[in-house]
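> I am sharing data.cif, which consists of mmCIF, C-alpha atoms:
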data_entry
loop_
_atom_site.group_PDB
_atom_site.id
_atom_site.type_symbol
_atom_site.label_atom_id
_atom_site.label_comp_id
_atom_site.auth_asym_id
_atom_site.auth_seq_id
_atom_site.Cartn_x
_atom_site.Cartn_y
_atom_site.Cartn_z
ATOM 1 C CA MET A 2 89.012 92.439 95.908
ATOM 2 C CA LEU A 3 90.238 94.465 92.934
ATOM 3 C CA LYS A 4 92.047 91.450 91.475
ATOM 4 C CA ARG A 5 88.969 89.214 91.837
ATOM 5 C CA THR A 6 86.865 91.872 90.114
ATOM 6 C CA PHE A 7 89.355 92.071 87.266
ATOM 7 C CA LEU A 8 89.447 88.301 86.795
ATOM 8 C CA PHE A 9 85.662 88.094 86.896
ATOM 9 C CA THR A 10 85.438 90.835 84.254
ATOM 10 C CA LEU A 11 88.092 89.168 82.123
ATOM 11 C CA PHE A 12 86.314 85.814 82.233
ATOM 12 C CA ILE A 13 83.078 87.506 81.169
ATOM 13 C CA LEU A 14 84.881 89.207 78.265
ATOM 14 C CA ILE A 15 86.485 85.939 77.155
ATOM 15 C CA GLY A 16 83.152 84.158 77.360
ATOM 16 C CA PHE A 17 81.467 86.957 75.475
ATOM 17 C CA GLY A 18 84.165 86.831 72.800
ATOM 18 C CA ALA A 19 83.754 83.054 72.454
ATOM 19 C CA ASN A 20 80.014 83.441 71.814
ATOM 20 C CA ALA A 21 80.196 86.550 69.663
ATOM 21 C CA GLN A 22 80.766 86.588 65.919
ATOM 22 C CA LYS A 23 83.879 88.736 66.395
ATOM 23 C CA PRO A 24 86.254 87.499 69.144
ATOM 24 C CA ILE A 25 87.480 89.913 71.783
ATOM 25 C CA ASN A 26 90.941 91.221 70.874
ATOM 26 C CA ILE A 27 93.029 91.562 74.048
ATOM 27 C CA GLY A 28 96.642 92.698 74.416
ATOM 28 C CA TYR A 29 98.944 93.753 77.230
ATOM 29 C CA VAL A 30 102.036 95.858 77.825
ATOM 30 C CA ASP A 31 104.846 95.493 80.339
ATOM 31 C CA MET A 32 105.318 98.971 81.828
ATOM 32 C CA GLU A 33 108.475 97.978 83.732
ATOM 33 C CA TYR A 34 110.040 96.644 80.512
ATOM 34 C CA ILE A 35 109.158 99.848 78.673
ATOM 35 C CA LEU A 36 110.584 102.081 81.411
ATOM 36 C CA GLU A 37 113.808 100.053 81.467
ATOM 37 C CA ASN A 38 114.269 100.667 77.748
ATOM 38 C CA VAL A 39 113.474 104.396 77.553
ATOM 39 C CA PRO A 40 116.825 106.268 77.829
ATOM 40 C CA GLU A 41 115.223 109.484 79.139
ATOM 41 C CA TYR A 42 113.678 107.572 82.046
ATOM 42 C CA GLN A 43 116.922 105.788 82.867
ATOM 43 C CA GLN A 44 118.865 109.057 82.935
ATOM 44 C CA ALA A 45 116.301 110.770 85.184
ATOM 45 C CA SER A 46 116.095 107.655 87.376
ATOM 46 C CA THR A 47 119.870 107.717 87.863
ATOM 47 C CA GLN A 48 119.654 111.351 88.966
ATOM 48 C CA LEU A 49 116.846 110.510 91.401
ATOM 49 C CA ASP A 50 118.854 107.589 92.804
ATOM 50 C CA GLN A 51 121.697 110.013 93.476
ATOM 51 C CA ARG A 52 119.338 112.322 95.366
ATOM 52 C CA VAL A 53 118.034 109.360 97.372
ATOM 53 C CA LYS A 54 121.590 108.452 98.410
ATOM 54 C CA GLU A 55 122.176 112.045 99.539
ATOM 55 C CA TRP A 56 118.939 112.044 101.568
ATOM 56 C CA GLN A 57 119.808 108.690 103.142
ATOM 57 C CA ASN A 58 123.269 109.979 104.080
ATOM 58 C CA GLU A 59 121.698 113.047 105.696
ATOM 59 C CA ILE A 60 119.272 110.876 107.689
ATOM 60 C CA GLU A 61 122.079 108.558 108.744
ATOM 61 C CA GLN A 62 124.150 111.545 109.855
ATOM 62 C CA LYS A 63 121.239 112.881 111.950
ATOM 63 C CA ARG A 64 120.780 109.459 113.584
ATOM 64 C CA LYS A 65 124.492 109.271 114.315
ATOM 65 C CA GLU A 66 124.439 112.698 115.978
ATOM 66 C CA ILE A 67 121.423 111.707 118.114
ATOM 67 C CA ASN A 68 123.138 108.485 119.215
ATOM 68 C CA GLU A 69 126.221 110.480 120.149
ATOM 69 C CA MET A 70 124.042 112.846 122.199
ATOM 70 C CA LYS A 71 122.452 109.861 123.995
ATOM 71 C CA THR A 72 125.856 108.282 124.698
ATOM 72 C CA SER A 73 127.244 111.564 125.983
ATOM 73 C CA LEU A 74 124.269 112.051 128.303
ATOM 74 C CA GLN A 75 124.563 108.503 129.618
ATOM 75 C CA ASN A 76 128.257 108.961 130.376
ATOM 76 C CA GLU A 77 127.797 112.353 132.045
ATOM 77 C CA ARG A 78 124.472 111.749 133.813
ATOM 78 C CA ALA A 79 126.091 111.256 137.255
ATOM 79 C CA LEU A 80 127.817 114.650 136.967
ATOM 80 C CA LEU A 81 124.772 116.663 135.823
ATOM 81 C CA THR A 82 122.031 118.342 137.800
ATOM 82 C CA PRO A 83 118.419 117.226 137.240
ATOM 83 C CA GLU A 84 117.747 120.465 135.391
ATOM 84 C CA LEU A 85 120.647 119.872 132.955
ATOM 85 C CA ILE A 86 119.593 116.254 132.446
ATOM 86 C CA GLU A 87 116.047 117.347 131.625
ATOM 87 C CA GLU A 88 117.367 120.011 129.241
ATOM 88 C CA ARG A 89 119.584 117.483 127.425
ATOM 89 C CA GLU A 90 116.743 114.955 127.211
ATOM 90 C CA GLU A 91 114.442 117.592 125.735
ATOM 91 C CA GLU A 92 117.102 118.465 123.164
ATOM 92 C CA ILE A 93 117.475 114.790 122.215
ATOM 93 C CA ALA A 94 113.698 114.396 121.925
ATOM 94 C CA TYR A 95 113.547 117.500 119.739
ATOM 95 C CA GLN A 96 116.324 116.219 117.459
ATOM 96 C CA GLN A 97 114.618 112.806 117.187
ATOM 97 C CA GLU A 98 111.328 114.431 116.234
ATOM 98 C CA HIS A 99 113.120 116.656 113.737
ATOM 99 C CA ALA A 100 114.879 113.618 112.195
ATOM 100 C CA THR A 101 111.590 111.699 111.949
ATOM 101 C CA ASP A 102 109.896 114.678 110.276
ATOM 102 C CA TYR A 103 112.783 114.981 107.823
ATOM 103 C CA GLU A 104 112.613 111.269 106.966
ATOM 104 C CA GLN A 105 108.852 111.536 106.366
ATOM 105 C CA LYS A 106 109.421 114.632 104.238
ATOM 106 C CA ARG A 107 111.827 112.698 102.033
ATOM 107 C CA PHE A 108 110.422 109.145 102.048
ATOM 108 C CA GLY A 109 106.890 109.337 103.423
ATOM 109 C CA PRO A 110 103.765 108.573 101.333
ATOM 110 C CA LYS A 111 103.639 112.240 100.321
ATOM 111 C CA GLY A 112 107.377 112.800 100.492
ATOM 112 C CA ASP A 113 109.823 114.115 97.938
ATOM 113 C CA TYR A 114 110.766 110.641 96.702
ATOM 114 C CA MET A 115 107.196 109.641 95.827
ATOM 115 C CA ILE A 116 106.481 113.047 94.276
ATOM 116 C CA GLN A 117 109.605 113.026 92.121
ATOM 117 C CA LYS A 118 109.044 109.363 91.223
ATOM 118 C CA ARG A 119 105.572 110.194 89.918
ATOM 119 C CA GLN A 120 106.928 113.231 88.085
ATOM 120 C CA LEU A 121 109.597 110.990 86.565
ATOM 121 C CA ILE A 122 107.166 108.306 85.400
ATOM 122 C CA LYS A 123 104.286 110.513 84.233
ATOM 123 C CA PRO A 124 105.840 111.793 80.955
ATOM 124 C CA ILE A 125 106.709 108.212 79.964
ATOM 125 C CA GLN A 126 103.241 107.021 80.973
ATOM 126 C CA ASP A 127 101.675 109.739 78.808
ATOM 127 C CA GLN A 128 103.748 108.555 75.842
ATOM 128 C CA VAL A 129 102.772 104.954 76.557
ATOM 129 C CA PHE A 130 99.069 105.807 76.773
ATOM 130 C CA THR A 131 99.251 107.725 73.484
ATOM 131 C CA ALA A 132 101.100 104.872 71.778
ATOM 132 C CA VAL A 133 98.689 102.275 73.219
ATOM 133 C CA GLN A 134 95.698 104.237 71.923
ATOM 134 C CA GLU A 135 97.226 104.478 68.440
ATOM 135 C CA ILE A 136 98.022 100.752 68.370
ATOM 136 C CA ALA A 137 94.573 99.815 69.691
ATOM 137 C CA GLU A 138 92.855 101.859 66.984
ATOM 138 C CA THR A 139 95.159 100.607 64.224
ATOM 139 C CA ARG A 140 94.988 96.923 65.154
ATOM 140 C CA ASP A 141 91.409 96.961 66.430
ATOM 141 C CA PHE A 142 92.163 95.886 70.002
ATOM 142 C CA ASP A 143 89.240 95.762 72.383
ATOM 143 C CA PHE A 144 91.314 95.698 75.584
ATOM 144 C CA ILE A 145 94.982 96.286 76.471
ATOM 145 C CA PHE A 146 96.216 95.760 80.024
ATOM 146 C CA ASP A 147 99.384 96.564 81.943
ATOM 147 C CA ARG A 148 100.648 93.237 83.241
ATOM 148 C CA ASN A 149 102.369 94.939 86.198
ATOM 149 C CA SER A 150 99.319 96.802 87.489
ATOM 150 C CA GLU A 151 97.455 95.744 90.635
ATOM 151 C CA SER A 152 94.959 93.814 88.544
ATOM 152 C CA GLY A 153 97.751 91.479 87.297
ATOM 153 C CA MET A 154 97.471 88.693 84.709
ATOM 154 C CA LEU A 155 97.444 84.957 85.274
ATOM 155 C CA PHE A 156 98.630 84.064 81.762
ATOM 156 C CA ALA A 157 99.494 85.868 78.575
ATOM 157 C CA LYS A 158 101.058 84.567 75.379
ATOM 158 C CA ASN A 159 104.079 86.442 74.105
ATOM 159 C CA ARG A 160 102.343 87.173 70.815
ATOM 160 C CA PHE A 161 99.999 89.513 72.694
ATOM 161 C CA ASP A 162 102.862 91.542 74.203
ATOM 162 C CA LEU A 163 102.752 95.039 72.669
ATOM 163 C CA SER A 164 105.654 96.469 74.692
ATOM 164 C CA ASP A 165 108.136 96.468 71.795
ATOM 165 C CA GLN A 166 105.564 98.070 69.526
ATOM 166 C CA VAL A 167 104.911 100.781 72.123
ATOM 167 C CA LEU A 168 108.660 101.400 72.332
ATOM 168 C CA ARG A 169 108.835 101.612 68.546
ATOM 169 C CA SER A 170 105.948 104.088 68.546
ATOM 170 C CA ILE A 171 107.636 106.228 71.209
ATOM 171 C CA ASN A 172 110.932 106.149 69.309
ATOM 172 C CA ARG A 173 109.159 107.019 66.071
ATOM 173 C CA ALA A 174 107.469 109.991 67.742
ATOM 174 C CA SER A 175 110.874 111.115 68.976
ATOM 175 C CA ASN A 176 112.322 110.644 65.474
ATOM 176 C CA ARG A 177 109.508 112.719 63.963
ATOM 177 C CA ARG A 178 110.476 115.632 66.175
ATOM 178 C CA GLN A 179 114.068 115.384 64.927
ATOM 179 C CA ILE A 180 113.274 115.353 61.189
ATOM 180 C CA GLU A 181 114.980 118.185 59.305
ATOM 181 C CA THR A 182 114.867 117.177 55.615
ATOM 182 C CA LYS A 183 112.413 115.557 53.171
ATOM 183 C CA GLN A 184 114.816 112.658 52.719
ATOM 184 C CA GLU A 185 114.720 111.953 56.458
ATOM 185 C CA GLU A 186 110.928 112.164 56.358
ATOM 186 C CA ARG A 187 110.720 109.590 53.540
ATOM 187 C CA GLU A 188 113.125 107.269 55.347
ATOM 188 C CA LEU A 189 111.058 107.553 58.532
ATOM 189 C CA GLU A 190 107.844 106.786 56.626
ATOM 190 C CA ARG A 191 109.431 103.633 55.198
ATOM 191 C CA ALA A 192 110.607 102.644 58.672
ATOM 192 C CA GLU A 193 107.151 103.187 60.164
ATOM 193 C CA ALA A 194 105.576 101.055 57.455
ATOM 194 C CA ARG A 195 107.631 98.059 58.539
ATOM 195 C CA THR A 196 106.222 95.504 60.964
ATOM 196 C CA ALA A 197 108.059 94.318 64.062
ATOM 197 C CA GLU A 198 109.019 91.106 62.237
ATOM 198 C CA GLU A 199 110.392 93.099 59.304
ATOM 199 C CA ASP A 200 112.328 95.278 61.741
ATOM 200 C CA GLU A 201 113.839 92.179 63.337
ATOM 201 C CA GLU A 202 114.780 90.791 59.918
ATOM 202 C CA LEU A 203 116.275 94.144 58.921
ATOM 203 C CA SER A 204 118.187 94.346 62.195
ATOM 204 C CA ALA A 205 119.530 90.832 61.613
ATOM 205 C CA ARG A 206 120.680 91.802 58.108
ATOM 206 C CA GLU A 207 122.237 95.012 59.381
ATOM 207 C CA GLN A 208 123.972 93.086 62.146
ATOM 208 C CA ALA A 209 125.300 90.601 59.590
ATOM 209 C CA VAL A 210 126.614 93.508 57.510
ATOM 210 C CA GLU A 211 128.233 95.041 60.598
ATOM 211 C CA ASP A 212 129.791 91.685 61.474
ATOM 212 C CA ARG A 213 131.261 91.406 57.963
ATOM 213 C CA LYS A 214 132.542 94.976 58.208
ATOM 214 C CA SER A 215 134.128 94.160 61.553
ATOM 215 C CA GLU A 216 135.770 91.068 60.075
ATOM 216 C CA ARG A 217 137.099 93.069 57.125
ATOM 217 C CA GLN A 218 138.319 95.798 59.451
ATOM 218 C CA ALA A 219 140.032 93.189 61.622
ATOM 219 C CA LEU A 220 141.777 91.744 58.549
ATOM 220 C CA ILE A 221 142.825 95.216 57.421
ATOM 221 C CA GLU A 222 144.164 95.990 60.888
ATOM 222 C CA GLU A 223 146.049 92.694 60.955
ATOM 223 C CA ARG A 224 147.595 93.390 57.532
ATOM 224 C CA ARG A 225 148.476 96.897 58.661
ATOM 225 C CA ARG A 226 150.148 95.541 61.798
ATOM 226 C CA LYS A 227 152.154 93.081 59.701
ATOM 227 C CA GLN A 228 153.168 95.823 57.261
ATOM 228 C CA ASP A 229 154.132 98.099 60.130
ATOM 229 C CA SER A 230 156.128 95.263 61.669
ATOM 230 C CA ILE A 231 157.957 94.692 58.354
ATOM 231 C CA LYS A 232 158.603 98.419 58.006
ATOM 232 C CA GLU A 233 159.934 98.604 61.548
ATOM 233 C CA ALA A 234 162.194 95.605 60.942
ATOM 234 C CA ARG A 235 163.521 97.178 57.713
ATOM 235 C CA GLN A 236 164.009 100.496 59.479
ATOM 236 C CA ARG A 237 165.929 98.825 62.313
ATOM 237 C CA ALA A 238 168.102 96.942 59.795
ATOM 238 C CA PHE A 239 168.751 100.184 57.917
ATOM 239 C CA GLU A 240 169.664 102.022 61.118
ATOM 240 C CA GLU A 241 171.943 99.187 62.230
ATOM 241 C CA ARG A 242 173.668 99.084 58.800
ATOM 242 C CA ARG A 243 174.034 102.859 58.765
ATOM 243 C CA GLU A 244 175.441 102.856 62.284
ATOM 244 C CA ARG A 245 177.910 100.104 61.349
ATOM 245 C CA ILE A 246 179.092 101.981 58.236
ATOM 246 C CA LEU A 247 179.500 105.214 60.197
ATOM 247 C CA LYS A 248 181.398 103.359 62.884
ATOM 248 C CA GLU A 249 183.721 101.743 60.311
ATOM 249 C CA ARG A 250 184.342 105.120 58.646
ATOM 250 C CA GLN A 251 185.115 106.673 62.000
ATOM 251 C CA GLN A 252 187.518 103.838 62.788
ATOM 252 C CA LYS A 253 189.294 104.420 59.459
ATOM 253 C CA ARG A 254 189.560 108.160 60.144
ATOM 254 C CA ASP A 255 190.885 107.471 63.614
ATOM 255 C CA SER A 256 193.419 105.011 62.174
ATOM 256 C CA ILE A 257 194.595 107.547 59.593
ATOM 257 C CA GLU A 258 194.861 110.282 62.226
ATOM 258 C CA ALA A 259 196.827 107.948 64.486
ATOM 259 C CA ALA A 260 199.218 107.046 61.633
ATOM 260 C CA ARG A 261 199.766 110.704 60.821
ATOM 261 C CA ALA A 262 200.395 111.465 64.470
ATOM 262 C CA ARG A 263 203.038 108.698 64.683
ATOM 263 C CA LYS A 264 204.702 109.966 61.486
ATOM 264 C CA ASP A 265 204.890 113.509 62.809
ATOM 265 C CA THR A 266 206.382 112.225 66.041
ATOM 266 C CA ILE A 267 209.104 110.296 64.161
ATOM 267 C CA ASN A 268 209.960 113.340 62.030
#
Could you render the structure as structure tokens?

Amino acid sequence: MLKRTFLFTLFILIGFGANAQKPINIGYVDMEYILENVPEYQQASTQLDQRVKEWQNEIEQKRKEINEMKTSLQNERALLTPELIEEREEEIAYQQEHATDYEQKRFGPKGDYMIQKRQLIKPIQDQVFTAVQEIAETRDFDFIFDRNSESGMLFAKNRFDLSDQVLRSINRASNRRQIETKQEERELERAEARTAEEDEELSAREQAVEDRKSERQALIEERRRKQDSIKEARQRAFEERRERILKERQQKRDSIEAARARKDTIN
């Protein structure tokens, strides 16, 4: 029902824009794409995923204990009195109810997971809403939709996607908070004055510069390795020559000592 209402409204807006002097200006954002590219969200999401694994392990452990209690009762039933059987069954029922309550507490509609998920998303959503409002006012958009909301979108051209611009706005807001000098402020103002296309062109140029630097660094490293190899070869040759000379000198001294020893023996 909600989707049909949205489509009906959208068709009316498009028809109104076609008949009006000024066409309706519509854009959309991809909230999932934005969340995937905000580092703060990814870090918090990783922490939440770790908590979820811990909760799932605890639930699995409780289920395992209950199954062990059931197996034990089944194996010992013939040896127990009716009163003991009833007591064990009540304990199992209590543990099952306790495990179900715990699972609902963690993963139910009002559980810890949903609460922490909303708490995790809300700060990013607030930044997105602020950025969307700024972009809408600056670029005179009449409507901006989230393509992943329940209303959905049947078709949208990429040129209407504002997600990268919203990310840029969020990053700029973060950069503003980190400014410490006038020089940084001027550099940020120049960066904010650039369009997305100019940013892409600048990034391409910067990447080309980095690639050339990497190539130069690779050549330098290769020359350094060759020089080191030559130095090592020269050092080995020097050590071998030195060892040979010392060995020859020692042989001469030994020969002289032996000759002297023979002479003394003859005398």
> How far is it from atom CA of Arg160 of chain A to atom CA of Arg206 of chain A, in Å with one decimal?
22.8 Å
> Record the distance separating atom CA of Phe144 of chain A and atom CA of Ile27 of chain A, expressed in Å with one decimal.
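Atom CA of Phe144 of chain A sits 4.7 Å away from atom CA of Ile27 of chain A.
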> Considering all atoms listed in the file, give me a table of residues in segment 73-157 of chain A that are at most 10 Å from segment 43-63 of chain A, with the closest atom pair and distance in Å for each, as CSV.

residue,atom,partner,partner_atom,distance
A:Gln96,CA,A:Lys63,CA,8.1
A:Gln97,CA,A:Lys63,CA,8.4
A:His99,CA,A:Lys63,CA,9.1
A:Ala100,CA,A:Lys63,CA,6.4
A:Thr101,CA,A:Ile60,CA,8.8
A:Tyr103,CA,A:Ile60,CA,7.7
A:Glu104,CA,A:Ile60,CA,6.7
A:Arg107,CA,A:Trp56,CA,7.2
A:Phe108,CA,A:Val53,CA,8.9
A:Asp113,CA,A:Val53,CA,9.5
A:Tyr114,CA,A:Val53,CA,7.4
A:Gln117,CA,A:Leu49,CA,7.7
A:Lys118,CA,A:Leu49,CA,7.9
A:Leu121,CA,A:Ala45,CA,6.8
A:Ile122,CA,A:Ser46,CA,9.2
> Using only C-alpha atoms, determine which residues lie at most 7 Å from segment 162-177 of chain A, disregarding the query and same-chain residues fewer than 3 positions distant; provide the list as a PyMOL selection string.
chain A and resi 28-31+35+128-129+132-133+159+180
> Skip Leu74 of chain A itself and residues of its chain fewer than 6 positions away, then list as a VMD selection string all residues within 12 Å of it, counting only C-alpha atoms.
chain A and resid 67 to 68 80 to 83 85 to 93
> Please evaluate the PyMOL selection byres ((chain A and resi 143) around 8) against the structure above and give the resulting residues as number ranges by chain.
A: 25-27, 137, 141-142, 144-145
> Can I get the selection written as a tab-separated table (two decimals), in the coordinates of the input, with C-alpha atoms?

chain	number	residue	atom	x	y	z
A	25	ILE	CA	87.48	89.91	71.78
A	26	ASN	CA	90.94	91.22	70.87
A	27	ILE	CA	93.03	91.56	74.05
A	137	ALA	CA	94.57	99.82	69.69
A	141	ASP	CA	91.41	96.96	66.43
A	142	PHE	CA	92.16	95.89	70.00
A	144	PHE	CA	91.31	95.70	75.58
A	145	ILE	CA	94.98	96.29	76.47
> With distances taken over all atoms listed in the file, which residue among A:Leu220, A:Ile125, A:Ile246, A:Ala262 lies nearest Glu41 of chain A?
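Comparing A:Leu220, A:Ile125, A:Ile246, A:Ala262 against Glu41 of chain A, the winner is A:Ile125.
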> Work out how far apart atom CA of Lys227 of chain A and atom CA of Glu241 of chain A are and give it in Å to one decimal.
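If I compute the distance from atom CA of Lys227 of chain A to atom CA of Glu241 of chain A, I get 20.9 Å.
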